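**Q** Data: work.txt, compact mmCIF, N, CA and C atoms.
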# COMPACT_ATOMS: atom_id res chain seq x y z
N MET W 909 -53.74 -12.06 52.96
CA MET W 909 -52.59 -12.38 52.14
C MET W 909 -52.04 -11.08 51.58
N SER W 910 -50.74 -10.93 51.67
CA SER W 910 -50.12 -9.70 51.18
C SER W 910 -50.01 -9.71 49.65
N TRP W 911 -49.79 -8.54 49.09
CA TRP W 911 -49.70 -8.43 47.63
C TRP W 911 -48.48 -9.17 47.10
N LEU W 912 -47.41 -9.27 47.88
CA LEU W 912 -46.21 -9.97 47.45
C LEU W 912 -46.46 -11.47 47.38
N ALA W 913 -47.18 -12.01 48.34
CA ALA W 913 -47.49 -13.43 48.33
C ALA W 913 -48.42 -13.77 47.18
N ARG W 914 -49.41 -12.89 46.90
CA ARG W 914 -50.30 -13.13 45.76
C ARG W 914 -49.52 -13.08 44.45
N ARG W 915 -48.58 -12.15 44.34
CA ARG W 915 -47.78 -12.03 43.11
C ARG W 915 -46.92 -13.28 42.90
N ARG W 916 -46.35 -13.80 43.97
CA ARG W 916 -45.52 -14.99 43.89
C ARG W 916 -46.35 -16.21 43.49
N ASP W 917 -47.55 -16.31 43.99
CA ASP W 917 -48.43 -17.43 43.66
C ASP W 917 -48.97 -17.33 42.24
N ALA W 918 -49.13 -16.15 41.72
CA ALA W 918 -49.69 -15.97 40.38
C ALA W 918 -48.68 -16.31 39.29
N ARG W 919 -47.38 -16.27 39.59
CA ARG W 919 -46.36 -16.52 38.56
C ARG W 919 -45.46 -17.68 38.99
N PRO W 920 -45.90 -18.90 38.77
CA PRO W 920 -45.07 -20.04 39.19
C PRO W 920 -43.87 -20.28 38.28
N ASP W 921 -43.85 -19.65 37.10
CA ASP W 921 -42.74 -19.88 36.18
C ASP W 921 -41.70 -18.77 36.23
N SER W 922 -41.67 -18.00 37.27
CA SER W 922 -40.69 -16.92 37.35
C SER W 922 -39.28 -17.53 37.39
N GLY W 923 -38.40 -16.95 36.61
CA GLY W 923 -37.04 -17.45 36.51
C GLY W 923 -36.82 -18.36 35.32
N ALA W 924 -37.88 -18.74 34.62
CA ALA W 924 -37.73 -19.62 33.45
C ALA W 924 -36.98 -18.93 32.33
N ILE W 925 -37.18 -17.64 32.15
CA ILE W 925 -36.48 -16.89 31.10
C ILE W 925 -34.99 -16.86 31.39
N VAL W 926 -34.64 -16.63 32.63
CA VAL W 926 -33.23 -16.59 33.00
C VAL W 926 -32.57 -17.94 32.75
N LEU W 927 -33.26 -19.00 33.10
CA LEU W 927 -32.70 -20.33 32.86
C LEU W 927 -32.56 -20.63 31.38
N SER W 928 -33.50 -20.17 30.57
CA SER W 928 -33.37 -20.40 29.13
C SER W 928 -32.21 -19.60 28.55
N TYR W 929 -31.97 -18.39 29.07
CA TYR W 929 -30.82 -17.60 28.61
C TYR W 929 -29.50 -18.24 29.01
N ILE W 930 -29.49 -18.90 30.14
CA ILE W 930 -28.27 -19.57 30.57
C ILE W 930 -27.88 -20.66 29.58
N ILE W 931 -28.85 -21.25 28.92
CA ILE W 931 -28.57 -22.29 27.93
C ILE W 931 -28.36 -21.69 26.54
N VAL W 932 -29.18 -20.73 26.16
CA VAL W 932 -29.15 -20.20 24.79
C VAL W 932 -27.93 -19.32 24.52
N VAL W 933 -27.58 -18.45 25.44
CA VAL W 933 -26.49 -17.50 25.20
C VAL W 933 -25.15 -18.19 24.99
N PRO W 934 -24.74 -19.16 25.80
CA PRO W 934 -23.47 -19.82 25.51
C PRO W 934 -23.46 -20.56 24.16
N VAL W 935 -24.58 -21.17 23.80
CA VAL W 935 -24.65 -21.85 22.51
C VAL W 935 -24.52 -20.83 21.38
N PHE W 936 -25.18 -19.70 21.51
CA PHE W 936 -25.09 -18.64 20.51
C PHE W 936 -23.66 -18.10 20.41
N MET W 937 -23.03 -17.86 21.54
CA MET W 937 -21.65 -17.36 21.54
C MET W 937 -20.69 -18.38 20.93
N LEU W 938 -20.90 -19.65 21.20
CA LEU W 938 -20.07 -20.69 20.61
C LEU W 938 -20.24 -20.71 19.09
N ALA W 939 -21.46 -20.54 18.62
CA ALA W 939 -21.70 -20.51 17.18
C ALA W 939 -21.01 -19.31 16.53
N VAL W 940 -21.04 -18.17 17.20
CA VAL W 940 -20.36 -16.98 16.67
C VAL W 940 -18.85 -17.21 16.63
N MET W 941 -18.30 -17.82 17.67
CA MET W 941 -16.86 -18.10 17.70
C MET W 941 -16.46 -19.09 16.62
N VAL W 942 -17.28 -20.08 16.35
CA VAL W 942 -16.98 -21.04 15.28
C VAL W 942 -17.00 -20.35 13.92
N ILE W 943 -17.93 -19.44 13.71
CA ILE W 943 -17.99 -18.71 12.44
C ILE W 943 -16.75 -17.83 12.28
N ILE W 944 -16.35 -17.14 13.33
CA ILE W 944 -15.16 -16.29 13.26
C ILE W 944 -13.91 -17.13 13.05
N GLN W 945 -13.82 -18.27 13.73
CA GLN W 945 -12.65 -19.15 13.54
C GLN W 945 -12.61 -19.69 12.12
N GLY W 946 -13.75 -20.02 11.56
CA GLY W 946 -13.81 -20.48 10.17
C GLY W 946 -13.35 -19.39 9.21
N ALA W 947 -13.73 -18.16 9.48
CA ALA W 947 -13.30 -17.05 8.63
C ALA W 947 -11.79 -16.84 8.74
N MET W 948 -11.23 -16.97 9.92
CA MET W 948 -9.78 -16.83 10.09
C MET W 948 -9.04 -17.96 9.37
N TRP W 949 -9.59 -19.17 9.41
CA TRP W 949 -8.97 -20.28 8.69
C TRP W 949 -9.00 -20.01 7.18
N TYR W 950 -10.13 -19.51 6.68
CA TYR W 950 -10.26 -19.23 5.26
C TYR W 950 -9.28 -18.14 4.84
N LEU W 951 -9.15 -17.07 5.63
CA LEU W 951 -8.22 -16.01 5.29
C LEU W 951 -6.77 -16.49 5.32
N ALA W 952 -6.42 -17.33 6.28
CA ALA W 952 -5.06 -17.87 6.34
C ALA W 952 -4.78 -18.77 5.13
N ARG W 953 -5.76 -19.56 4.75
CA ARG W 953 -5.60 -20.44 3.59
C ARG W 953 -5.41 -19.63 2.31
N GLU W 954 -6.22 -18.59 2.13
CA GLU W 954 -6.10 -17.74 0.94
C GLU W 954 -4.79 -16.96 0.94
N ALA W 955 -4.33 -16.52 2.10
CA ALA W 955 -3.05 -15.82 2.19
C ALA W 955 -1.90 -16.75 1.83
N ALA W 956 -1.94 -17.99 2.29
CA ALA W 956 -0.90 -18.96 1.94
C ALA W 956 -0.91 -19.27 0.45
N LEU W 957 -2.09 -19.36 -0.14
CA LEU W 957 -2.19 -19.61 -1.57
C LEU W 957 -1.65 -18.43 -2.38
N ALA W 958 -1.97 -17.21 -1.98
CA ALA W 958 -1.45 -16.03 -2.68
C ALA W 958 0.07 -15.95 -2.56
N ALA W 959 0.61 -16.27 -1.40
CA ALA W 959 2.06 -16.26 -1.23
C ALA W 959 2.72 -17.34 -2.09
N ALA W 960 2.11 -18.51 -2.18
CA ALA W 960 2.66 -19.58 -3.02
C ALA W 960 2.63 -19.19 -4.49
N ARG W 961 1.58 -18.50 -4.90
CA ARG W 961 1.52 -18.02 -6.29
C ARG W 961 2.61 -17.00 -6.58
N GLN W 962 2.84 -16.10 -5.64
CA GLN W 962 3.92 -15.11 -5.83
C GLN W 962 5.27 -15.81 -5.92
N GLY W 963 5.49 -16.80 -5.09
CA GLY W 963 6.75 -17.54 -5.14
C GLY W 963 6.92 -18.31 -6.43
N ALA W 964 5.84 -18.92 -6.91
CA ALA W 964 5.92 -19.67 -8.17
C ALA W 964 6.18 -18.73 -9.34
N ASP W 965 5.56 -17.56 -9.33
CA ASP W 965 5.81 -16.59 -10.40
C ASP W 965 7.26 -16.13 -10.41
N ALA W 966 7.85 -15.95 -9.24
CA ALA W 966 9.25 -15.52 -9.16
C ALA W 966 10.20 -16.63 -9.56
N ALA W 967 9.87 -17.87 -9.23
CA ALA W 967 10.78 -18.99 -9.49
C ALA W 967 10.71 -19.50 -10.92
N ARG W 968 9.63 -19.24 -11.63
CA ARG W 968 9.50 -19.82 -12.97
C ARG W 968 10.13 -18.97 -14.06
N LEU W 969 10.62 -17.79 -13.71
CA LEU W 969 11.28 -16.95 -14.71
C LEU W 969 12.60 -17.57 -15.14
N PRO W 970 12.96 -17.43 -16.42
CA PRO W 970 14.25 -17.97 -16.86
C PRO W 970 15.40 -17.25 -16.15
N GLY W 971 16.36 -18.01 -15.68
CA GLY W 971 17.51 -17.45 -15.01
C GLY W 971 17.26 -17.05 -13.56
N ALA W 972 16.15 -17.47 -12.98
CA ALA W 972 15.86 -17.14 -11.59
C ALA W 972 16.82 -17.89 -10.67
N ALA W 973 17.19 -17.26 -9.59
CA ALA W 973 18.09 -17.90 -8.63
C ALA W 973 17.40 -19.10 -7.99
N ALA W 974 18.20 -19.98 -7.40
CA ALA W 974 17.66 -21.22 -6.86
C ALA W 974 16.65 -20.99 -5.74
N GLY W 975 16.87 -20.01 -4.89
CA GLY W 975 15.96 -19.77 -3.77
C GLY W 975 15.00 -18.61 -3.99
N ALA W 976 14.82 -18.20 -5.24
CA ALA W 976 13.98 -17.03 -5.53
C ALA W 976 12.52 -17.29 -5.18
N GLY W 977 12.03 -18.48 -5.46
CA GLY W 977 10.63 -18.79 -5.21
C GLY W 977 10.26 -18.78 -3.74
N PRO W 978 10.93 -19.58 -2.91
CA PRO W 978 10.59 -19.57 -1.48
C PRO W 978 10.83 -18.22 -0.82
N SER W 979 11.88 -17.51 -1.21
CA SER W 979 12.12 -16.20 -0.56
C SER W 979 11.07 -15.18 -0.97
N ALA W 980 10.60 -15.21 -2.23
CA ALA W 980 9.54 -14.30 -2.65
C ALA W 980 8.22 -14.66 -1.96
N ALA W 981 7.95 -15.93 -1.82
CA ALA W 981 6.72 -16.37 -1.14
C ALA W 981 6.74 -15.98 0.33
N LEU W 982 7.87 -16.16 0.97
CA LEU W 982 8.00 -15.82 2.39
C LEU W 982 7.89 -14.31 2.60
N ALA W 983 8.52 -13.53 1.71
CA ALA W 983 8.43 -12.07 1.83
C ALA W 983 6.99 -11.59 1.65
N PHE W 984 6.28 -12.17 0.70
CA PHE W 984 4.87 -11.80 0.50
C PHE W 984 4.02 -12.18 1.70
N ALA W 985 4.24 -13.37 2.24
CA ALA W 985 3.46 -13.83 3.39
C ALA W 985 3.71 -12.96 4.62
N GLN W 986 4.95 -12.55 4.83
CA GLN W 986 5.27 -11.74 5.99
C GLN W 986 4.74 -10.32 5.84
N LYS W 987 4.72 -9.81 4.61
CA LYS W 987 4.27 -8.44 4.39
C LYS W 987 2.75 -8.33 4.31
N SER W 988 2.12 -9.18 3.53
CA SER W 988 0.70 -9.04 3.24
C SER W 988 -0.22 -9.85 4.14
N ALA W 989 0.26 -10.90 4.73
CA ALA W 989 -0.61 -11.79 5.50
C ALA W 989 -0.17 -11.91 6.95
N SER W 990 0.40 -10.86 7.49
CA SER W 990 0.96 -10.96 8.84
C SER W 990 -0.10 -11.21 9.92
N GLY W 991 -1.33 -10.74 9.73
CA GLY W 991 -2.35 -10.96 10.74
C GLY W 991 -3.13 -12.24 10.56
N TYR W 992 -3.04 -12.84 9.39
CA TYR W 992 -3.85 -14.02 9.08
C TYR W 992 -3.05 -15.31 9.07
N LEU W 993 -1.77 -15.22 8.75
CA LEU W 993 -0.92 -16.41 8.63
C LEU W 993 0.25 -16.25 9.58
N LEU W 994 0.25 -17.03 10.66
CA LEU W 994 1.30 -16.93 11.66
C LEU W 994 2.41 -17.91 11.36
N ALA W 995 3.64 -17.51 11.60
CA ALA W 995 4.84 -18.33 11.41
C ALA W 995 4.88 -18.95 10.01
N PRO W 996 4.86 -18.11 8.96
CA PRO W 996 4.86 -18.68 7.61
C PRO W 996 6.21 -19.30 7.26
N GLY W 997 6.15 -20.30 6.41
CA GLY W 997 7.33 -20.95 5.89
C GLY W 997 7.09 -21.32 4.44
N ALA W 998 8.15 -21.36 3.64
CA ALA W 998 8.00 -21.67 2.22
C ALA W 998 9.12 -22.62 1.79
N THR W 999 8.76 -23.59 0.97
CA THR W 999 9.73 -24.53 0.43
C THR W 999 9.49 -24.71 -1.06
N ALA W 1000 10.52 -25.20 -1.74
CA ALA W 1000 10.42 -25.48 -3.17
C ALA W 1000 10.51 -26.97 -3.43
N SER W 1001 10.01 -27.78 -2.52
CA SER W 1001 10.07 -29.23 -2.70
C SER W 1001 9.15 -29.64 -3.85
N GLY W 1002 9.60 -30.56 -4.65
CA GLY W 1002 8.84 -31.01 -5.81
C GLY W 1002 9.20 -30.27 -7.08
N THR W 1003 10.18 -29.38 -7.01
CA THR W 1003 10.60 -28.63 -8.19
C THR W 1003 11.51 -29.50 -9.05
N THR W 1004 11.22 -29.52 -10.34
CA THR W 1004 12.05 -30.25 -11.30
C THR W 1004 12.63 -29.25 -12.31
N GLY W 1005 13.25 -29.76 -13.34
CA GLY W 1005 13.82 -28.89 -14.37
C GLY W 1005 12.76 -28.19 -15.21
N THR W 1006 11.58 -28.75 -15.29
CA THR W 1006 10.53 -28.16 -16.13
C THR W 1006 9.38 -27.57 -15.34
N THR W 1007 9.25 -27.93 -14.07
CA THR W 1007 8.16 -27.39 -13.25
C THR W 1007 8.69 -26.85 -11.93
N VAL W 1008 7.96 -25.89 -11.40
CA VAL W 1008 8.28 -25.30 -10.11
C VAL W 1008 7.11 -25.57 -9.18
N GLN W 1009 7.40 -26.00 -7.96
CA GLN W 1009 6.36 -26.18 -6.96
C GLN W 1009 6.77 -25.46 -5.69
N ILE W 1010 5.94 -24.52 -5.27
CA ILE W 1010 6.18 -23.76 -4.05
C ILE W 1010 5.08 -24.11 -3.06
N THR W 1011 5.48 -24.48 -1.84
CA THR W 1011 4.54 -24.81 -0.78
C THR W 1011 4.72 -23.82 0.36
N VAL W 1012 3.63 -23.19 0.77
CA VAL W 1012 3.64 -22.24 1.88
C VAL W 1012 2.81 -22.83 3.02
N THR W 1013 3.39 -22.83 4.22
CA THR W 1013 2.71 -23.35 5.40
C THR W 1013 2.67 -22.27 6.48
N GLY W 1014 1.78 -22.44 7.43
CA GLY W 1014 1.68 -21.50 8.54
C GLY W 1014 0.59 -21.94 9.50
N HIS W 1015 0.36 -21.12 10.51
CA HIS W 1015 -0.65 -21.40 11.53
C HIS W 1015 -1.76 -20.36 11.45
N VAL W 1016 -2.95 -20.78 11.84
CA VAL W 1016 -4.12 -19.90 11.87
C VAL W 1016 -4.23 -19.31 13.27
N PRO W 1017 -4.49 -18.00 13.39
CA PRO W 1017 -4.76 -17.45 14.72
C PRO W 1017 -6.03 -18.08 15.30
N THR W 1018 -6.00 -18.43 16.58
CA THR W 1018 -7.15 -19.10 17.20
C THR W 1018 -7.61 -18.37 18.45
N PHE W 1019 -8.86 -18.62 18.83
CA PHE W 1019 -9.42 -18.09 20.06
C PHE W 1019 -9.12 -18.97 21.25
N VAL W 1020 -8.93 -20.24 21.00
CA VAL W 1020 -8.73 -21.21 22.08
C VAL W 1020 -7.23 -21.35 22.35
N PRO W 1021 -6.77 -21.03 23.55
CA PRO W 1021 -5.35 -21.17 23.85
C PRO W 1021 -4.90 -22.63 23.71
N GLY W 1022 -3.78 -22.82 23.06
CA GLY W 1022 -3.24 -24.16 22.88
C GLY W 1022 -3.71 -24.87 21.63
N LEU W 1023 -4.75 -24.37 20.99
CA LEU W 1023 -5.26 -24.99 19.76
C LEU W 1023 -4.42 -24.49 18.59
N VAL W 1024 -3.86 -25.42 17.83
CA VAL W 1024 -3.03 -25.07 16.68
C VAL W 1024 -3.68 -25.63 15.42
N ILE W 1025 -3.99 -24.73 14.50
CA ILE W 1025 -4.55 -25.14 13.21
C ILE W 1025 -3.54 -24.76 12.15
N ASP W 1026 -3.07 -25.75 11.40
CA ASP W 1026 -2.08 -25.52 10.35
C ASP W 1026 -2.75 -25.41 8.99
N VAL W 1027 -2.17 -24.59 8.12
CA VAL W 1027 -2.59 -24.51 6.73
C VAL W 1027 -1.37 -24.73 5.85
N SER W 1028 -1.61 -25.30 4.70
CA SER W 1028 -0.55 -25.55 3.73
C SER W 1028 -1.15 -25.45 2.33
N GLN W 1029 -0.55 -24.64 1.49
CA GLN W 1029 -1.01 -24.48 0.12
C GLN W 1029 0.18 -24.63 -0.81
N ALA W 1030 -0.02 -25.32 -1.91
CA ALA W 1030 1.05 -25.54 -2.89
C ALA W 1030 0.59 -25.08 -4.26
N VAL W 1031 1.53 -24.51 -5.00
CA VAL W 1031 1.27 -24.08 -6.37
C VAL W 1031 2.35 -24.68 -7.26
N GLN W 1032 1.91 -25.25 -8.37
CA GLN W 1032 2.84 -25.85 -9.32
C GLN W 1032 2.65 -25.14 -10.66
N ALA W 1033 3.78 -24.77 -11.30
CA ALA W 1033 3.72 -24.06 -12.57
C ALA W 1033 4.90 -24.48 -13.45
N PRO W 1034 4.73 -24.42 -14.76
CA PRO W 1034 5.85 -24.77 -15.64
C PRO W 1034 6.89 -23.64 -15.66
N VAL W 1035 8.14 -24.03 -15.84
CA VAL W 1035 9.21 -23.05 -15.98
C VAL W 1035 9.10 -22.43 -17.36
N GLU W 1036 9.19 -21.10 -17.41
CA GLU W 1036 9.08 -20.42 -18.70
C GLU W 1036 10.35 -20.64 -19.51
N GLN W 1037 10.16 -20.91 -20.80
CA GLN W 1037 11.28 -21.09 -21.72
C GLN W 1037 11.00 -20.27 -22.96
N PHE W 1038 11.92 -19.39 -23.27
CA PHE W 1038 11.76 -18.59 -24.47
C PHE W 1038 12.54 -19.24 -25.60
N THR W 1039 11.89 -19.37 -26.71
CA THR W 1039 12.54 -19.94 -27.89
C THR W 1039 12.46 -18.93 -29.02
N VAL W 1040 13.47 -18.96 -29.86
CA VAL W 1040 13.50 -18.07 -31.02
C VAL W 1040 13.01 -18.88 -32.20
N PRO W 1041 12.00 -18.38 -32.88
CA PRO W 1041 11.51 -19.14 -34.05
C PRO W 1041 12.57 -19.13 -35.15
N THR W 1042 12.65 -20.26 -35.81
CA THR W 1042 13.60 -20.37 -36.92
C THR W 1042 12.95 -19.83 -38.19
N ALA W 1043 13.80 -19.29 -39.04
CA ALA W 1043 13.30 -18.74 -40.30
C ALA W 1043 12.94 -19.89 -41.25
N THR W 1044 11.80 -19.80 -41.84
CA THR W 1044 11.38 -20.80 -42.79
C THR W 1044 11.38 -20.20 -44.17
N THR W 1045 11.68 -21.01 -45.12
CA THR W 1045 11.68 -20.52 -46.52
C THR W 1045 10.41 -20.97 -47.19
N ALA W 1046 9.87 -20.11 -47.97
CA ALA W 1046 8.65 -20.43 -48.71
C ALA W 1046 9.00 -21.23 -49.95
N PRO W 1047 8.19 -22.21 -50.36
CA PRO W 1047 8.51 -23.02 -51.55
C PRO W 1047 8.34 -22.27 -52.84
Take the structure in this file and express it as structure tokens.

**A**
Amino acid sequence: MSWLARRRDARPDSGAIVLSYIIVVPVFMLAVMVIIQGAMWYLAREAALAAARQGADAARLPGAAAGAGPSAALAFAQKSASGYLLAPGATASGTTGTTVQITVTGHVPTFVPGLVIDVSQAVQAPVEQFTVPTATTAP
């Protein structure tokens, strides 16, 4: 019997490691991709929230123009969150005379072609009103 035949007979489980890697490596890579996708979703959500806060701060000032909030939110989203929040949009729906509500929406960058994950964050704040205290007389 040749040495090659003896070696083959002594190791009947040859190739088992390769087969286990064929199963383990794709599962590991999928787990890494899910973690990265979750991080991208979190960053997009936080970027939309920060943009909505900027828009609400701009819109709640006394004498602010009607479209100041959404335009400030959109400018912030385009400048600061360009890699995390795709196709941002901002609206002032829900705004009343005493409160301002700015909603920022957008898409999360994804690894899977065709997969679209949307994010939407809204911030509501009272409109600032400055009042002049009246003079009181002491008794």

**Q** Mind checking DSSP for chain W and telling me the helix (DSSP H, G or I) residues as JSON, numbers by chain?

**A** {"W": [911, 912, 913, 914, 915, 916, 917, 918, 924, 925, 926, 927, 928, 929, 930, 931, 932, 933, 934, 935, 936, 937, 938, 939, 940, 941, 942, 943, 944, 945, 946, 947, 948, 949, 950, 951, 952, 953, 954, 955, 956, 957, 958, 959, 960, 961, 962, 963, 964, 965, 966, 967, 976, 977, 978, 979, 980, 981, 982, 983, 984, 985, 986, 987, 988]}

**Q** Can you work out which one of W:Ala960, W:Phe1019, W:Val940, W:Ala1043 has the shortest atom-to-atom distance to Ala989 in chain W, counting only C-alpha atoms?

**A**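 Looking at the shortest contact to Ala989 in chain W, the residue is W:Ala960.
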
**Q** Calculated over only C-alpha atoms, which of the candidates W:Gly1022, W:Gly1014, W:Pro1034, W:Pro996 has the smallest distance to Arg968 in chain W?

**A**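 Between W:Gly1022, W:Gly1014, W:Pro1034, W:Pro996, the residue approaching Arg968 in chain W most closely is W:Pro1034.
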
**Q** Set the distance at 6 Å and use only C-alpha atoms: which residues neighbour Ala981 in chain W once local chain neighbours fewer than 5 positions away are removed? I'd like the list as a PyMOL selection string.

**A** chain W and resi 959-960+962-963

**Q** Using the chain letters and numbers from this document, which residues of chain W does DSSP assign to strand (DSSP E), as a ChimeraX atom specification?

**A** /W:994-999,1007-1016,1025-1034

**Q** Rounded to one decimal in Å, what is the spacing between CA of Gly1002 in chain W and CA of Glu954 in chain W?

**A**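 According to the coordinates, CA of Gly1002 in chain W and CA of Glu954 in chain W are separated by 21.1 Å.
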
**Q** Measuring between only C-alpha atoms, which one of W:Ala980, W:Leu927, W:Val933, W:Val1016 shows the shortest distance to Ala952 in chain W?

**A**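 Ranking W:Ala980, W:Leu927, W:Val933, W:Val1016 by distance to Ala952 in chain W, first place goes to W:Val1016.
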
**Q** Could you list as a tab-separated table (two decimals) with N, CA and C atoms, keeping the file's coordinate frame every residue that has an atom within 12 Å of (0.0, -18.5, 0.1), using the file's coordinates and counting only C-alpha atoms?

**A**
chain	number	residue	atom	x	y	z
W	950	TYR	N	-10.13	-19.51	6.68
W	950	TYR	CA	-10.26	-19.23	5.26
W	950	TYR	C	-9.28	-18.14	4.84
W	951	LEU	N	-9.15	-17.07	5.63
W	951	LEU	CA	-8.22	-16.01	5.29
W	951	LEU	C	-6.77	-16.49	5.32
W	952	ALA	N	-6.42	-17.33	6.28
W	952	ALA	CA	-5.06	-17.87	6.34
W	952	ALA	C	-4.78	-18.77	5.13
W	953	ARG	N	-5.76	-19.56	4.75
W	953	ARG	CA	-5.60	-20.44	3.59
W	953	ARG	C	-5.41	-19.63	2.31
W	954	GLU	N	-6.22	-18.59	2.13
W	954	GLU	CA	-6.10	-17.74	0.94
W	954	GLU	C	-4.79	-16.96	0.94
W	955	ALA	N	-4.33	-16.52	2.10
W	955	ALA	CA	-3.05	-15.82	2.19
W	955	ALA	C	-1.90	-16.75	1.83
W	956	ALA	N	-1.94	-17.99	2.29
W	956	ALA	CA	-0.90	-18.96	1.94
W	956	ALA	C	-0.91	-19.27	0.45
W	957	LEU	N	-2.09	-19.36	-0.14
W	957	LEU	CA	-2.19	-19.61	-1.57
W	957	LEU	C	-1.65	-18.43	-2.38
W	958	ALA	N	-1.97	-17.21	-1.98
W	958	ALA	CA	-1.45	-16.03	-2.68
W	958	ALA	C	0.07	-15.95	-2.56
W	959	ALA	N	0.61	-16.27	-1.40
W	959	ALA	CA	2.06	-16.26	-1.23
W	959	ALA	C	2.72	-17.34	-2.09
W	960	ALA	N	2.11	-18.51	-2.18
W	960	ALA	CA	2.66	-19.58	-3.02
W	960	ALA	C	2.63	-19.19	-4.49
W	961	ARG	N	1.58	-18.50	-4.90
W	961	ARG	CA	1.52	-18.02	-6.29
W	961	ARG	C	2.61	-17.00	-6.58
W	962	GLN	N	2.84	-16.10	-5.64
W	962	GLN	CA	3.92	-15.11	-5.83
W	962	GLN	C	5.27	-15.81	-5.92
W	963	GLY	N	5.49	-16.80	-5.09
W	963	GLY	CA	6.75	-17.54	-5.14
W	963	GLY	C	6.92	-18.31	-6.43
W	964	ALA	N	5.84	-18.92	-6.91
W	964	ALA	CA	5.92	-19.67	-8.17
W	964	ALA	C	6.18	-18.73	-9.34
W	977	GLY	N	12.03	-18.48	-5.46
W	977	GLY	CA	10.63	-18.79	-5.21
W	977	GLY	C	10.26	-18.78	-3.74
W	978	PRO	N	10.93	-19.58	-2.91
W	978	PRO	CA	10.59	-19.57	-1.48
W	978	PRO	C	10.83	-18.22	-0.82
W	980	ALA	N	10.60	-15.21	-2.23
W	980	ALA	CA	9.54	-14.30	-2.65
W	980	ALA	C	8.22	-14.66	-1.96
W	981	ALA	N	7.95	-15.93	-1.82
W	981	ALA	CA	6.72	-16.37	-1.14
W	981	ALA	C	6.74	-15.98	0.33
W	982	LEU	N	7.87	-16.16	0.97
W	982	LEU	CA	8.00	-15.82	2.39
W	982	LEU	C	7.89	-14.31	2.60
W	983	ALA	N	8.52	-13.53	1.71
W	983	ALA	CA	8.43	-12.07	1.83
W	983	ALA	C	6.99	-11.59	1.65
W	984	PHE	N	6.28	-12.17	0.70
W	984	PHE	CA	4.87	-11.80	0.50
W	984	PHE	C	4.02	-12.18	1.70
W	985	ALA	N	4.24	-13.37	2.24
W	985	ALA	CA	3.46	-13.83	3.39
W	985	ALA	C	3.71	-12.96	4.62
W	986	GLN	N	4.95	-12.55	4.83
W	986	GLN	CA	5.27	-11.74	5.99
W	986	GLN	C	4.74	-10.32	5.84
W	987	LYS	N	4.72	-9.81	4.61
W	987	LYS	CA	4.27	-8.44	4.39
W	987	LYS	C	2.75	-8.33	4.31
W	988	SER	N	2.12	-9.18	3.53
W	988	SER	CA	0.70	-9.04	3.24
W	988	SER	C	-0.22	-9.85	4.14
W	989	ALA	N	0.26	-10.90	4.73
W	989	ALA	CA	-0.61	-11.79	5.50
W	989	ALA	C	-0.17	-11.91	6.95
W	990	SER	N	0.40	-10.86	7.49
W	990	SER	CA	0.96	-10.96	8.84
W	990	SER	C	-0.10	-11.21	9.92
W	992	TYR	N	-3.04	-12.84	9.39
W	992	TYR	CA	-3.85	-14.02	9.08
W	992	TYR	C	-3.05	-15.31	9.07
W	993	LEU	N	-1.77	-15.22	8.75
W	993	LEU	CA	-0.92	-16.41	8.63
W	993	LEU	C	0.25	-16.25	9.58
W	994	LEU	N	0.25	-17.03	10.66
W	994	LEU	CA	1.30	-16.93	11.66
W	994	LEU	C	2.41	-17.91	11.36
W	996	PRO	N	4.86	-18.11	8.96
W	996	PRO	CA	4.86	-18.68	7.61
W	996	PRO	C	6.21	-19.30	7.26
W	997	GLY	N	6.15	-20.30	6.41
W	997	GLY	CA	7.33	-20.95	5.89
W	997	GLY	C	7.09	-21.32	4.44
W	998	ALA	N	8.15	-21.36	3.64
W	998	ALA	CA	8.00	-21.67	2.22
W	998	ALA	C	9.12	-22.62	1.79
W	999	THR	N	8.76	-23.59	0.97
W	999	THR	CA	9.73	-24.53	0.43
W	999	THR	C	9.49	-24.71	-1.06
W	1010	ILE	N	5.94	-24.52	-5.27
W	1010	ILE	CA	6.18	-23.76	-4.05
W	1010	ILE	C	5.08	-24.11	-3.06
W	1011	THR	N	5.48	-24.48	-1.84
W	1011	THR	CA	4.54	-24.81	-0.78
W	1011	THR	C	4.72	-23.82	0.36
W	1012	VAL	N	3.63	-23.19	0.77
W	1012	VAL	CA	3.64	-22.24	1.88
W	1012	VAL	C	2.81	-22.83	3.02
W	1013	THR	N	3.39	-22.83	4.22
W	1013	THR	CA	2.71	-23.35	5.40
W	1013	THR	C	2.67	-22.27	6.48
W	1014	GLY	N	1.78	-22.44	7.43
W	1014	GLY	CA	1.68	-21.50	8.54
W	1014	GLY	C	0.59	-21.94	9.50
W	1015	HIS	N	0.36	-21.12	10.51
W	1015	HIS	CA	-0.65	-21.40	11.53
W	1015	HIS	C	-1.76	-20.36	11.45
W	1027	VAL	N	-2.17	-24.59	8.12
W	1027	VAL	CA	-2.59	-24.51	6.73
W	1027	VAL	C	-1.37	-24.73	5.85
W	1028	SER	N	-1.61	-25.30	4.70
W	1028	SER	CA	-0.55	-25.55	3.73
W	1028	SER	C	-1.15	-25.45	2.33
W	1029	GLN	N	-0.55	-24.64	1.49
W	1029	GLN	CA	-1.01	-24.48	0.12
W	1029	GLN	C	0.18	-24.63	-0.81
W	1030	ALA	N	-0.02	-25.32	-1.91
W	1030	ALA	CA	1.05	-25.54	-2.89
W	1030	ALA	C	0.59	-25.08	-4.26
W	1031	VAL	N	1.53	-24.51	-5.00
W	1031	VAL	CA	1.27	-24.08	-6.37
W	1031	VAL	C	2.35	-24.68	-7.26

**Q** When you draw a straight line from CA of Ala976 in chain W to atom C of Ala1000 in chain W, how long is it in Å?

**A**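 Taking CA of Ala976 in chain W and atom C of Ala1000 in chain W, their separation equals 10.7 Å.
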